[in-house]
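The file final-v3.txt contains compact mmCIF, C-alpha atoms and all ligand atoms:
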# COMPACT_ATOMS: atom_id res chain seq x y z
CA MET A 1 7.20 32.56 -16.97
CA LYS A 2 4.68 29.81 -16.28
CA ASN A 3 5.34 27.70 -13.17
CA ILE A 4 6.29 24.11 -13.86
CA GLN A 5 3.65 21.73 -12.54
CA SER A 6 3.85 18.12 -11.39
CA ILE A 7 3.06 15.48 -13.99
CA LYS A 8 -0.59 14.46 -14.44
CA GLY A 9 -1.46 11.47 -12.30
CA THR A 10 1.33 12.08 -9.76
CA LYS A 11 0.96 13.53 -6.28
CA ASP A 12 3.15 15.28 -3.73
CA THR A 13 2.88 13.91 -0.22
CA LEU A 14 2.59 17.13 1.76
CA PRO A 15 3.59 17.65 5.41
CA SER A 16 -0.11 17.80 6.33
CA GLU A 17 -0.51 14.21 5.06
CA ILE A 18 2.81 12.63 5.91
CA HIS A 19 1.66 11.25 9.28
CA LYS A 20 -0.76 8.95 7.45
CA TRP A 21 2.00 7.49 5.31
CA GLN A 22 4.34 7.09 8.26
CA PHE A 23 1.63 5.32 10.26
CA LEU A 24 0.87 2.94 7.39
CA GLU A 25 4.54 2.23 6.69
CA ASP A 26 5.12 1.49 10.40
CA THR A 27 2.15 -0.87 10.42
CA PHE A 28 3.30 -2.66 7.23
CA ARG A 29 6.75 -3.26 8.75
CA ARG A 30 5.47 -4.30 12.17
CA VAL A 31 2.75 -6.69 11.01
CA SER A 32 4.87 -8.26 8.22
CA THR A 33 7.57 -8.97 10.78
CA LYS A 34 5.05 -10.67 13.08
CA TYR A 35 4.27 -13.09 10.23
CA GLY A 36 7.97 -13.76 9.50
CA TYR A 37 8.26 -11.72 6.30
CA THR A 38 11.41 -9.67 5.59
CA GLU A 39 11.66 -6.58 3.44
CA LEU A 40 13.13 -6.71 -0.05
CA ARG A 41 13.76 -3.63 -2.19
CA THR A 42 14.43 -3.69 -5.91
CA PRO A 43 15.25 -0.88 -8.38
CA ILE A 44 12.48 1.32 -9.73
CA PHE A 45 13.28 0.31 -13.32
CA GLU A 46 14.00 -3.03 -14.92
CA ASP A 47 14.69 -4.62 -18.29
CA SER A 48 11.36 -4.27 -20.17
CA ALA A 49 11.47 -7.98 -21.08
CA LEU A 50 10.90 -8.87 -17.40
CA PHE A 51 7.39 -7.44 -17.36
CA HIS A 52 6.51 -8.63 -20.87
CA ARG A 53 7.42 -12.15 -19.85
CA GLY A 54 6.12 -11.96 -16.29
CA ILE A 55 2.83 -10.08 -16.51
CA GLY A 56 1.79 -11.29 -19.96
CA GLU A 57 1.48 -9.81 -23.45
CA GLY A 58 -2.32 -9.87 -23.42
CA THR A 59 -2.74 -7.78 -20.27
CA ASP A 60 -3.74 -4.10 -20.12
CA ILE A 61 -0.62 -3.35 -18.08
CA VAL A 62 1.78 -4.60 -20.75
CA ASN A 63 -0.33 -3.51 -23.73
CA LYS A 64 -1.19 0.01 -22.71
CA GLU A 65 0.12 1.10 -19.35
CA MET A 66 3.88 0.67 -19.10
CA TYR A 67 6.32 3.55 -18.93
CA THR A 68 8.87 2.08 -21.31
CA PHE A 69 11.74 3.95 -22.90
CA ILE A 70 15.02 3.36 -24.66
CA ASP A 71 17.92 4.59 -22.55
CA LYS A 72 21.04 6.27 -23.90
CA GLY A 73 22.74 2.89 -24.35
CA GLY A 74 19.89 1.67 -26.55
CA ASP A 75 18.35 -0.70 -23.98
CA SER A 76 14.61 -0.88 -23.38
CA VAL A 77 13.83 -0.22 -19.73
CA THR A 78 10.47 0.03 -17.91
CA LEU A 79 9.41 1.79 -14.72
CA ARG A 80 8.03 -1.08 -12.65
CA PRO A 81 4.23 -1.35 -12.94
CA GLU A 82 4.09 -3.88 -10.07
CA GLN A 83 6.49 -5.72 -7.77
CA THR A 84 5.88 -9.45 -8.12
CA ALA A 85 7.84 -10.02 -11.35
CA ALA A 86 10.71 -7.79 -10.16
CA LEU A 87 10.84 -9.49 -6.75
CA ILE A 88 11.03 -12.93 -8.36
CA ARG A 89 13.79 -11.65 -10.66
CA SER A 90 15.74 -10.57 -7.61
CA VAL A 91 15.08 -13.74 -5.61
CA VAL A 92 16.31 -15.91 -8.51
CA GLN A 93 19.29 -13.68 -9.34
CA ASN A 94 20.44 -13.52 -5.71
CA ASN A 95 19.77 -17.17 -4.92
CA LEU A 96 17.50 -16.31 -2.00
CA LEU A 97 15.48 -19.51 -1.95
CA GLN A 98 16.43 -22.07 0.68
CA LEU A 99 15.79 -25.75 0.22
CA GLY A 100 13.04 -27.26 2.34
CA THR A 101 11.44 -24.08 3.59
CA THR A 102 9.52 -21.05 2.39
CA SER A 103 11.07 -17.64 1.72
CA LYS A 104 8.81 -14.74 2.63
CA PHE A 105 9.21 -11.11 1.59
CA TRP A 106 7.32 -7.84 1.88
CA TYR A 107 7.75 -4.55 0.01
CA PHE A 108 6.57 -0.98 -0.14
CA GLY A 109 7.27 1.61 -2.81
CA PRO A 110 6.20 3.54 -5.89
CA TYR A 111 4.85 1.87 -9.04
CA PHE A 112 3.98 3.34 -12.43
CA ARG A 113 1.11 2.74 -14.82
CA TYR A 114 -0.04 5.00 -17.63
CA GLU A 115 -3.75 4.92 -16.77
CA ARG A 116 -6.41 7.62 -16.99
CA PRO A 117 -6.12 9.39 -13.62
CA GLN A 118 -9.22 9.56 -11.42
CA LYS A 119 -10.07 9.13 -7.73
CA GLY A 120 -7.87 6.30 -6.48
CA ARG A 121 -6.13 5.88 -9.83
CA LEU A 122 -2.74 7.49 -10.37
CA ARG A 123 0.15 7.13 -12.76
CA GLN A 124 2.61 6.95 -9.89
CA PHE A 125 1.01 5.10 -7.00
CA HIS A 126 2.28 3.05 -4.06
CA GLN A 127 1.87 -0.55 -3.08
CA TYR A 128 2.58 -2.55 0.01
CA GLY A 129 2.69 -6.26 -0.70
CA ALA A 130 3.99 -9.63 0.42
CA GLU A 131 5.07 -12.81 -1.36
CA CYS A 132 5.41 -16.28 0.10
CA ILE A 133 7.61 -18.50 -2.07
CA ALA A 134 8.07 -22.27 -2.23
CA SER A 135 4.98 -23.78 -0.67
CA PRO A 136 2.43 -25.40 -3.01
CA PHE A 137 0.07 -25.96 -0.09
CA PRO A 138 -3.21 -24.14 0.58
CA GLU A 139 -2.11 -23.08 4.07
CA SER A 140 0.32 -20.60 2.49
CA ASP A 141 -2.59 -19.04 0.55
CA VAL A 142 -4.37 -18.75 3.89
CA GLU A 143 -1.31 -17.24 5.59
CA VAL A 144 -1.00 -14.39 3.09
CA ILE A 145 -4.73 -13.69 3.38
CA LEU A 146 -4.40 -13.62 7.19
CA LEU A 147 -1.47 -11.20 6.87
CA ALA A 148 -3.47 -8.95 4.54
CA ASN A 149 -6.48 -9.09 6.86
CA SER A 150 -4.35 -8.26 9.91
CA ILE A 151 -2.98 -5.18 8.21
CA ILE A 152 -6.44 -3.99 7.18
CA ARG A 153 -7.69 -4.45 10.76
CA GLU A 154 -4.66 -2.85 12.41
CA ILE A 155 -4.92 0.28 10.32
CA GLY A 156 -8.56 0.56 11.36
CA ILE A 157 -10.63 -0.59 8.37
CA GLU A 158 -13.50 -2.86 9.40
CA ASP A 159 -16.03 -2.52 6.62
CA TYR A 160 -14.65 -4.27 3.52
CA LYS A 161 -15.22 -7.34 1.38
CA LEU A 162 -12.81 -10.16 0.57
CA ASN A 163 -13.73 -11.82 -2.73
CA ILE A 164 -12.08 -15.11 -3.57
CA ASN A 165 -12.04 -17.52 -6.50
CA SER A 166 -9.88 -20.23 -8.03
CA LEU A 167 -8.48 -20.30 -11.55
CA GLY A 168 -7.24 -23.85 -10.96
CA SER A 169 -4.18 -25.44 -12.51
CA GLU A 170 -2.90 -24.22 -15.86
CA ASN A 171 -4.84 -27.05 -17.46
CA SER A 172 -8.13 -26.14 -15.78
CA ARG A 173 -7.60 -22.52 -16.68
CA ASN A 174 -6.95 -23.36 -20.34
CA ASN A 175 -10.06 -25.57 -20.51
CA TYR A 176 -12.11 -22.79 -18.99
CA ARG A 177 -10.61 -20.22 -21.34
CA ASP A 178 -11.71 -22.32 -24.33
CA ALA A 179 -15.23 -22.78 -22.94
CA LEU A 180 -15.56 -19.09 -22.13
CA LYS A 181 -14.28 -18.11 -25.55
CA SER A 182 -16.82 -20.35 -27.32
CA TYR A 183 -19.61 -18.88 -25.21
CA LEU A 184 -18.50 -15.33 -25.90
CA ILE A 185 -18.11 -15.96 -29.64
CA GLU A 186 -21.71 -17.27 -29.72
CA ASN A 187 -22.81 -14.04 -28.04
CA GLN A 188 -20.37 -11.60 -29.56
CA ASP A 189 -23.03 -9.45 -31.26
CA GLY A 190 -24.03 -8.17 -27.83
CA LEU A 191 -20.47 -7.39 -26.67
CA SER A 192 -18.85 -3.94 -26.50
CA GLU A 193 -16.22 -3.09 -29.11
CA ASP A 194 -13.50 -3.30 -26.45
CA SER A 195 -14.53 -6.79 -25.44
CA LYS A 196 -14.79 -7.95 -29.06
CA ARG A 197 -11.17 -6.93 -29.47
CA ARG A 198 -10.21 -8.86 -26.34
CA LEU A 199 -11.92 -12.07 -27.47
CA ASP A 200 -8.84 -13.41 -29.22
CA ILE A 201 -6.07 -12.02 -27.06
CA ASN A 202 -7.43 -12.42 -23.53
CA PRO A 203 -11.07 -13.53 -23.17
CA LEU A 204 -10.75 -13.84 -19.36
CA ARG A 205 -10.34 -10.05 -19.12
CA ILE A 206 -13.85 -9.60 -20.54
CA LEU A 207 -15.17 -10.88 -17.20
CA ASP A 208 -13.85 -7.66 -15.59
CA SER A 209 -15.69 -5.38 -18.03
CA LYS A 210 -17.70 -2.54 -16.49
CA ASP A 211 -19.77 -2.12 -19.69
CA GLU A 212 -23.51 -2.73 -19.03
CA LYS A 213 -23.99 -4.67 -22.30
CA ASP A 214 -21.05 -6.92 -21.45
CA LYS A 215 -22.32 -7.48 -17.92
CA LEU A 216 -25.58 -8.99 -19.24
CA ILE A 217 -23.67 -11.53 -21.30
CA ILE A 218 -21.11 -12.24 -18.57
CA ALA A 219 -23.90 -13.03 -16.08
CA ASN A 220 -24.71 -16.24 -17.98
CA ALA A 221 -21.14 -17.17 -18.92
CA PRO A 222 -19.72 -20.48 -17.65
CA ASN A 223 -18.07 -20.37 -14.22
CA ILE A 224 -14.46 -21.40 -13.77
CA ILE A 225 -15.26 -23.40 -10.63
CA ASP A 226 -17.04 -25.95 -12.86
CA TYR A 227 -13.84 -26.48 -14.83
CA LEU A 228 -11.48 -27.19 -11.93
CA ASP A 229 -9.74 -30.57 -11.96
CA GLU A 230 -9.77 -32.73 -8.83
CA GLU A 231 -6.50 -31.40 -7.40
CA SER A 232 -7.44 -27.76 -8.02
CA LYS A 233 -10.80 -28.29 -6.40
CA ASN A 234 -9.18 -29.86 -3.33
CA HIS A 235 -6.73 -26.99 -3.04
CA PHE A 236 -9.50 -24.41 -3.20
CA ASP A 237 -11.75 -26.33 -0.79
CA THR A 238 -8.95 -26.49 1.77
CA VAL A 239 -8.33 -22.73 1.46
CA ILE A 240 -11.96 -21.82 2.01
CA ASN A 241 -12.51 -24.39 4.76
CA LEU A 242 -9.49 -23.15 6.68
CA LEU A 243 -10.58 -19.51 6.25
CA SER A 244 -14.06 -20.42 7.52
CA GLN A 245 -12.63 -22.25 10.54
CA LEU A 246 -10.61 -19.12 11.33
CA ASN A 247 -13.73 -16.94 11.06
CA VAL A 248 -12.41 -14.95 8.11
CA ASN A 249 -15.32 -13.43 6.16
CA PHE A 250 -15.16 -13.95 2.40
CA THR A 251 -17.40 -14.24 -0.64
CA ILE A 252 -16.76 -16.71 -3.42
CA GLU A 253 -16.87 -14.62 -6.58
CA PRO A 254 -17.03 -17.07 -9.51
CA LYS A 255 -16.17 -14.43 -12.13
CA LEU A 256 -13.09 -13.00 -10.36
CA VAL A 257 -10.05 -13.55 -12.61
CA ARG A 258 -7.62 -10.60 -11.90
CA GLY A 259 -5.73 -8.61 -14.51
CA LEU A 260 -2.32 -10.26 -14.62
CA ASP A 261 -1.56 -13.47 -16.52
CA TYR A 262 0.64 -15.17 -13.94
CA TYR A 263 -2.15 -16.37 -11.63
CA ASN A 264 -3.45 -19.88 -11.13
CA HIS A 265 -5.40 -21.53 -8.28
CA THR A 266 -6.46 -19.05 -5.59
CA VAL A 267 -7.12 -15.41 -6.55
CA PHE A 268 -8.59 -12.77 -4.24
CA GLU A 269 -9.44 -9.09 -4.06
CA PHE A 270 -10.33 -6.64 -1.29
CA GLN A 271 -13.17 -4.20 -1.93
CA SER A 272 -14.50 -1.14 -0.14
CA ASN A 273 -17.57 0.99 -0.82
CA ALA A 274 -15.62 4.11 0.16
CA LEU A 275 -13.71 3.99 -3.13
CA GLY A 276 -16.29 4.60 -5.88
CA SER A 277 -15.64 2.93 -9.22
CA GLN A 278 -12.04 1.93 -8.41
CA ASP A 279 -13.32 -0.16 -5.53
CA SER A 280 -10.53 -2.68 -5.20
CA PHE A 281 -7.86 -1.70 -2.68
CA GLY A 282 -5.82 -4.85 -2.94
CA GLY A 283 -5.52 -8.17 -4.60
CA GLY A 284 -3.38 -11.19 -5.10
CA GLY A 285 -3.22 -14.88 -5.65
CA ARG A 286 -1.11 -17.90 -6.41
CA TYR A 287 1.37 -17.88 -9.28
CA ASN A 288 3.00 -21.31 -9.52
CA GLY A 289 4.45 -20.86 -13.02
CA LEU A 290 6.07 -17.43 -12.79
CA ILE A 291 9.42 -18.36 -11.27
CA GLU A 292 10.13 -20.94 -13.96
CA GLN A 293 8.92 -18.51 -16.61
CA LEU A 294 11.49 -16.00 -15.38
CA GLY A 295 14.32 -18.52 -15.57
CA GLY A 296 14.33 -19.94 -12.03
CA LYS A 297 13.80 -23.53 -10.92
CA PRO A 298 10.05 -24.31 -10.84
CA ASN A 299 8.68 -23.09 -7.53
CA PRO A 300 5.16 -22.30 -6.37
CA ALA A 301 4.33 -18.94 -4.76
CA VAL A 302 1.47 -16.80 -3.54
CA GLY A 303 1.16 -13.13 -2.58
CA PHE A 304 -0.86 -9.92 -2.68
CA ALA A 305 -0.52 -6.14 -2.81
CA PHE A 306 -2.54 -3.19 -1.50
CA GLY A 307 -2.82 0.19 -3.19
CA VAL A 308 -1.67 2.57 -0.45
CA GLU A 309 -3.41 5.69 -1.86
CA ARG A 310 -6.65 3.68 -1.83
CA LEU A 311 -6.11 2.66 1.80
CA ILE A 312 -5.70 6.35 2.61
CA ILE A 313 -8.95 7.27 0.80
CA ILE A 314 -10.78 4.68 2.92
CA LEU A 315 -9.17 5.89 6.16
CA ASP A 316 -9.96 9.53 5.29
CA SER A 317 -13.60 8.61 4.69
CA LEU A 318 -13.68 7.13 8.20
CA ASN A 319 -11.93 10.19 9.61
CA LYS A 320 -9.26 7.96 11.13
CA LEU A 321 -5.64 9.08 11.40
CA SER A 322 -6.19 12.81 11.98
CA GLU A 323 -5.24 12.37 15.64
CA LEU A 324 -1.88 10.96 14.54
CA GLU A 325 -0.64 14.29 13.23
CA SER A 326 2.57 15.06 15.08
CA LYS A 327 2.35 18.04 17.44
CA PRO A 328 5.14 19.52 19.55
CA ASP A 329 5.23 18.74 23.25
CA PHE A 330 6.98 22.05 23.99
CA TYR A 331 7.37 25.49 22.50
CA ILE A 332 10.24 27.35 24.18
CA SER A 333 9.97 31.15 24.06
CA SER A 334 11.79 34.13 25.54
CA THR A 335 11.18 37.86 25.92
CA SER A 336 14.51 38.80 24.35
CA GLU A 337 17.20 37.36 22.10
CA LYS A 338 19.56 38.00 25.05
CA TYR A 339 18.25 34.69 26.45
CA LEU A 340 18.76 32.56 23.35
CA ASP A 341 21.41 30.46 25.15
CA LYS A 342 18.85 29.56 27.84
CA VAL A 343 16.15 28.87 25.20
CA TYR A 344 18.41 26.40 23.39
CA PHE A 345 19.73 24.88 26.59
CA VAL A 346 16.19 24.09 27.75
CA SER A 347 15.21 22.85 24.27
CA GLU A 348 18.15 20.45 24.10
CA VAL A 349 17.56 19.10 27.62
CA LEU A 350 13.93 18.34 26.70
CA ARG A 351 14.87 16.76 23.36
CA LYS A 352 17.33 14.49 25.19
CA ARG A 353 14.34 13.44 27.28
CA ASN A 354 12.62 12.49 23.95
CA PHE A 355 10.15 15.36 23.81
CA ASN A 356 9.34 17.16 20.54
CA VAL A 357 10.42 20.77 20.91
CA GLN A 358 9.95 23.81 18.67
CA ASN A 359 11.52 27.25 18.82
CA ASP A 360 10.90 30.65 17.30
CA LEU A 361 13.55 31.32 14.67
CA VAL A 362 12.31 34.68 13.41
CA ARG A 363 12.45 36.68 16.68
CA LYS A 364 8.71 37.22 17.19
CA SER A 365 7.29 39.07 20.20
CA VAL A 366 6.26 36.93 23.19
CA LYS A 367 2.65 37.35 22.08
CA GLY A 368 3.59 36.20 18.59
CA GLN A 369 5.46 33.23 20.02
CA MET A 370 2.44 32.20 22.12
CA ARG A 371 0.20 32.49 19.06
CA GLU A 372 2.54 30.18 17.17
CA ALA A 373 2.69 27.69 20.06
CA ASN A 374 -1.09 27.56 19.94
CA LYS A 375 -1.23 27.16 16.19
CA LEU A 376 1.25 24.30 16.29
CA GLY A 377 -0.83 22.59 18.98
CA ALA A 378 2.03 22.50 21.53
CA LYS A 379 1.06 20.92 24.87
CA TYR A 380 3.32 23.24 26.89
CA ALA A 381 5.00 26.58 26.33
CA VAL A 382 8.07 27.61 28.29
CA ILE A 383 8.59 31.35 28.80
CA ILE A 384 11.94 32.82 29.80
CA GLY A 385 11.98 36.55 30.68
CA ASP A 386 13.91 39.05 32.83
CA ASP A 387 12.19 38.02 36.11
CA GLU A 388 12.81 34.34 35.49
CA ILE A 389 16.46 34.88 34.62
CA ALA A 390 16.90 36.89 37.84
CA LYS A 391 15.28 34.13 39.92
CA GLY A 392 16.82 31.17 38.06
CA THR A 393 13.37 29.87 37.01
CA ILE A 394 11.19 29.35 33.95
CA ILE A 395 7.43 29.66 33.42
CA LEU A 396 5.77 26.45 32.30
CA LYS A 397 2.41 27.07 30.64
CA ASN A 398 -0.05 24.25 30.04
CA MET A 399 -1.55 25.27 26.72
CA THR A 400 -4.65 23.06 26.87
CA GLU A 401 -5.62 23.99 30.43
CA SER A 402 -4.33 27.60 30.24
CA THR A 403 -2.62 27.25 33.63
CA GLN A 404 0.98 28.05 34.49
CA VAL A 405 3.56 27.23 37.13
CA GLU A 406 7.07 28.45 37.89
CA LEU A 407 9.85 25.83 37.86
CA ALA A 408 13.45 26.10 38.99
CA PHE A 409 15.74 26.07 35.96
CA ASP A 410 17.51 22.96 37.23
CA ASP A 411 14.22 21.02 37.55
CA ILE A 412 13.78 20.78 33.77
CA GLU A 413 16.00 17.71 33.70
CA LYS A 414 13.78 15.70 36.02
CA HIS A 415 10.34 17.33 36.28
CA GLN A 416 7.44 14.91 35.54
CA PHE A 417 5.47 16.67 32.82
P1 LIG B 501 -2.91 -5.30 -8.94
O1 LIG B 501 -4.31 -5.74 -8.68
O2 LIG B 501 -2.56 -4.91 -10.32
O3 LIG B 501 -1.98 -6.49 -8.45
O4 LIG B 501 -2.54 -4.10 -7.98
C1 LIG B 501 -2.73 -4.20 -6.57
C2 LIG B 501 -3.39 -2.95 -6.03
O5 LIG B 501 -2.64 -1.80 -6.41
C3 LIG B 501 -4.78 -2.69 -6.59
O6 LIG B 501 -5.76 -3.42 -5.89
C4 LIG B 501 -4.92 -1.20 -6.34
O7 LIG B 501 -5.34 -0.97 -5.01
C5 LIG B 501 -3.50 -0.69 -6.51
N1 LIG B 501 -3.36 -0.04 -7.85
C6 LIG B 501 -3.17 -0.63 -9.03
N2 LIG B 501 -3.09 0.29 -10.01
C7 LIG B 501 -3.24 1.50 -9.42
C8 LIG B 501 -3.25 2.85 -9.89
N3 LIG B 501 -3.07 3.15 -11.17
N4 LIG B 501 -3.44 3.84 -8.99
C9 LIG B 501 -3.61 3.57 -7.68
N5 LIG B 501 -3.60 2.30 -7.17
C10 LIG B 501 -3.42 1.28 -8.04
C11 LIG B 501 -0.62 -6.48 -8.50
O8 LIG B 501 0.05 -5.51 -8.75
C12 LIG B 501 0.01 -7.79 -8.10
N6 LIG B 501 1.48 -7.67 -8.21
C13 LIG B 501 -0.39 -8.19 -6.69
C14 LIG B 501 0.21 -9.51 -6.29
C15 LIG B 501 1.27 -9.69 -5.47
N7 LIG B 501 -0.17 -10.69 -6.73
C16 LIG B 501 0.63 -11.63 -6.17
N8 LIG B 501 1.50 -11.02 -5.44
What is this structure when it is put down as structure tokens?
Ligand code: HAM
Amino acid sequence: MKNIQSIKGTKDTLPSEIHKWQFLEDTFRRVSTKYGYTELRTPIFEDSALFHRGIGEGTDIVNKEMYTFIDKGGDSVTLRPEQTAALIRSVVQNNLLQLGTTSKFWYFGPYFRYERPQKGRLRQFHQYGAECIASPFPESDVEVILLANSIIREIGIEDYKLNINSLGSENSRNNYRDALKSYLIENQDGLSEDSKRRLDINPLRILDSKDEKDKLIIANAPNIIDYLDEESKNHFDTVINLLSQLNVNFTIEPKLVRGLDYYNHTVFEFQSNALGSQDSFGGGGRYNGLIEQLGGKPNPAVGFAFGVERLIIILDSLNKLSELESKPDFYISSTSEKYLDKVYFVSEVLRKRNFNVQNDLVRKSVKGQMREANKLGAKYAVIIGDDEIAKGTIILKNMTESTQVELAFDDIEKHQF
């Protein structure tokens, strides 16, 4: 019988890789807490209408990429393709917003998009993200960018680009959309078939096209910055001035629009050359209309998310994280199963002292046990044999220096290793 395989575009996280995930998850929690964000977890699947309404009918995610199915009760449910819409659903449903202050949340978990798998692009992938709700002011845009930057730095990525743009108020965005559409219609003969199809539904998405023909036309397309109203321009100027004063490096990217419909004002994306064609490892922006659109009281918000698999690709390319692999401090061995009680006594004493301890569970020879201790990368091996039992001692072997000393059995509780 043929072995059953994992589903295309999904990945097991194997023991040899788990230390990377644990390190990243620890950093996400620690840094988010420093910025005053608390964790919120929502179910993996939601009412399909949430994402249709939240992300937008004209987007690739809703049009082509959602895992949607009818459950046994006849309801349409969708595996979440992103967190923002689901988090807002939860915040509204559970009345989490407090008057007169912001509410700030972070999240980490699996997300699902039916995309063509390639390096850095999976059908089940993971995001870490954060959302800051209820401040319309540019300093909250800056705060989420600072949080994102801190995380990138703390996990050890230094070489990356932050691209930033503004889509302005809904009004500015609509005016721009009309101007862009007219320009693209004038030039539609030169557009790819895909982009021609998008012209009516979502012309802004054409700006993201990777097609060389499209790129030529896009290069001369109008820029959204020229369509910002006074208030939108002020908002954006304050964001970039504050970022500059704080020495945050960024590039204004006038054609950056992002792939979800809920954005207005500030949008941003993080890019790394280590990623190949899927070069964006995170992105976000302001979404002042989404909460009202999902049935809550109107409330502005801003946030971002990183793709965790993409962070790991970057860290692997830098050869970071390998030293974080967990290795035992001690390997406790004996010359005979007669001494198992002593082996486990010593192991438990050391574990109580917070050391990582491994034992042989398949009754290998002492030589075999030493080979295993080496393979596991244990710092010390303890050997208990006939002589030691007679003298009430143990042998403590330093595996890196290949030296050994004899310790009294009772010293294990207090010896400074
Ligand atoms: P997004 O740009 O669709 O934004 O996704 C954020 C990040 O998730 C991307 O930059 C990428 O690193 C990762 N990602 C997306 N799709 C895949 C995939 N198929 N495989 C691997 N990684 C992927 C959002 O999802 C917004 N909710 C972000 C946000 C939060 N905006 C405001 N708040």
Do you have, as a tab-separated table, the list of residues of range 145-235 of chain A lying at most 9 Å from range 296-315 of chain A, each with its nearest atom pair and that distance in Å to one decimal, counting only C-alpha atoms and ordered by chain then number?
residue	atom	partner	partner_atom	distance
A:Ile145	CA	A:Phe304	CA	8.1
A:Ala148	CA	A:Phe304	CA	7.7
A:Ile152	CA	A:Leu311	CA	8.6
A:Ile155	CA	A:Leu315	CA	8.2
A:Gly156	CA	A:Leu315	CA	7.5
A:Ile157	CA	A:Leu315	CA	7.0
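The residue that comes closest to ligand LIG 501 (chain B), out of A:Arg286, A:Lys20, A:Lys233, A:Lys215 and on the basis of all atoms listed in the file, is A:Arg286.
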Exercise for review: Kindly provide, as an MDAnalysis selection string, all nucleotide and amino acid residues lying within 8 Å of ligand LIG 501 (chain B), counting all atoms listed in the file.
Suggested key: chainID A and resid 81:85 112:115 117 120:127 129:131 258:260 263 269:270 280:287 302:311
**Study point:** Residues within 10 Å of range 43-47 of chain A, all atoms listed in the file, excluding chain neighbours under 4 positions, as number ranges by chain
**Key:** A: 51-52, 67-68, 75-83, 85-87, 89-90, 109-112
So which residues touch range 132-142 of chain A within 10 Å, counting only C-alpha atoms, skipping near sequence neighbours fewer than 4 positions away, as a PDB file with C-alpha atoms, keeping the file's coordinate frame?
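Result written to out-v5.pdb:
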ATOM      1  CA  TYR A  37       8.260 -11.720   6.300  1.00  0.00           C
ATOM      2  CA  ILE A  88      11.030 -12.930  -8.360  1.00  0.00           C
ATOM      3  CA  VAL A  91      15.080 -13.740  -5.610  1.00  0.00           C
ATOM      4  CA  LEU A  97      15.480 -19.510  -1.950  1.00  0.00           C
ATOM      5  CA  GLN A  98      16.430 -22.070   0.680  1.00  0.00           C
ATOM      6  CA  LEU A  99      15.790 -25.750   0.220  1.00  0.00           C
ATOM      7  CA  GLY A 100      13.040 -27.260   2.340  1.00  0.00           C
ATOM      8  CA  THR A 101      11.440 -24.080   3.590  1.00  0.00           C
ATOM      9  CA  THR A 102       9.520 -21.050   2.390  1.00  0.00           C
ATOM     10  CA  SER A 103      11.070 -17.640   1.720  1.00  0.00           C
ATOM     11  CA  LYS A 104       8.810 -14.740   2.630  1.00  0.00           C
ATOM     12  CA  PHE A 105       9.210 -11.110   1.590  1.00  0.00           C
ATOM     13  CA  TRP A 106       7.320  -7.840   1.880  1.00  0.00           C
ATOM     14  CA  LEU A 146      -4.400 -13.620   7.190  1.00  0.00           C
ATOM     15  CA  LEU A 147      -1.470 -11.200   6.870  1.00  0.00           C
ATOM     16  CA  ALA A 148      -3.470  -8.950   4.540  1.00  0.00           C
ATOM     17  CA  ASN A 234      -9.180 -29.860  -3.330  1.00  0.00           C
ATOM     18  CA  HIS A 235      -6.730 -26.990  -3.040  1.00  0.00           C
ATOM     19  CA  PHE A 236      -9.500 -24.410  -3.200  1.00  0.00           C
ATOM     20  CA  ASP A 237     -11.750 -26.330  -0.790  1.00  0.00           C
ATOM     21  CA  THR A 238      -8.950 -26.490   1.770  1.00  0.00           C
ATOM     22  CA  VAL A 239      -8.330 -22.730   1.460  1.00  0.00           C
ATOM     23  CA  ILE A 240     -11.960 -21.820   2.010  1.00  0.00           C
ATOM     24  CA  ASN A 241     -12.510 -24.390   4.760  1.00  0.00           C
ATOM     25  CA  LEU A 242      -9.490 -23.150   6.680  1.00  0.00           C
ATOM     26  CA  LEU A 243     -10.580 -19.510   6.250  1.00  0.00           C
ATOM     27  CA  LEU A 246     -10.610 -19.120  11.330  1.00  0.00           C
ATOM     28  CA  VAL A 248     -12.410 -14.950   8.110  1.00  0.00           C
ATOM     29  CA  HIS A 265      -5.400 -21.530  -8.280  1.00  0.00           C
ATOM     30  CA  THR A 266      -6.460 -19.050  -5.590  1.00  0.00           C
ATOM     31  CA  VAL A 267      -7.120 -15.410  -6.550  1.00  0.00           C
ATOM     32  CA  PHE A 268      -8.590 -12.770  -4.240  1.00  0.00           C
ATOM     33  CA  GLY A 284      -3.380 -11.190  -5.100  1.00  0.00           C
ATOM     34  CA  GLY A 285      -3.220 -14.880  -5.650  1.00  0.00           C
ATOM     35  CA  ARG A 286      -1.110 -17.900  -6.410  1.00  0.00           C
ATOM     36  CA  TYR A 287       1.370 -17.880  -9.280  1.00  0.00           C
ATOM     37  CA  ASN A 288       3.000 -21.310  -9.520  1.00  0.00           C
ATOM     38  CA  ILE A 291       9.420 -18.360 -11.270  1.00  0.00           C
ATOM     39  CA  PRO A 298      10.050 -24.310 -10.840  1.00  0.00           C
ATOM     40  CA  ASN A 299       8.680 -23.090  -7.530  1.00  0.00           C
ATOM     41  CA  PRO A 300       5.160 -22.300  -6.370  1.00  0.00           C
ATOM     42  CA  ALA A 301       4.330 -18.940  -4.760  1.00  0.00           C
ATOM     43  CA  VAL A 302       1.470 -16.800  -3.540  1.00  0.00           C
ATOM     44  CA  GLY A 303       1.160 -13.130  -2.580  1.00  0.00           C
ATOM     45  CA  PHE A 304      -0.860  -9.920  -2.680  1.00  0.00           C
TER      46      PHE A 304
END
Centre and size of axis-aligned box enclosing range 35-40 of chain A plus 3 Å each side, as lines of an AutoDock Vina configuration file:
center_x = 8.7
center_y = -10.2
center_z = 5.1
size_x = 14.9
size_y = 13.2
size_z = 16.3
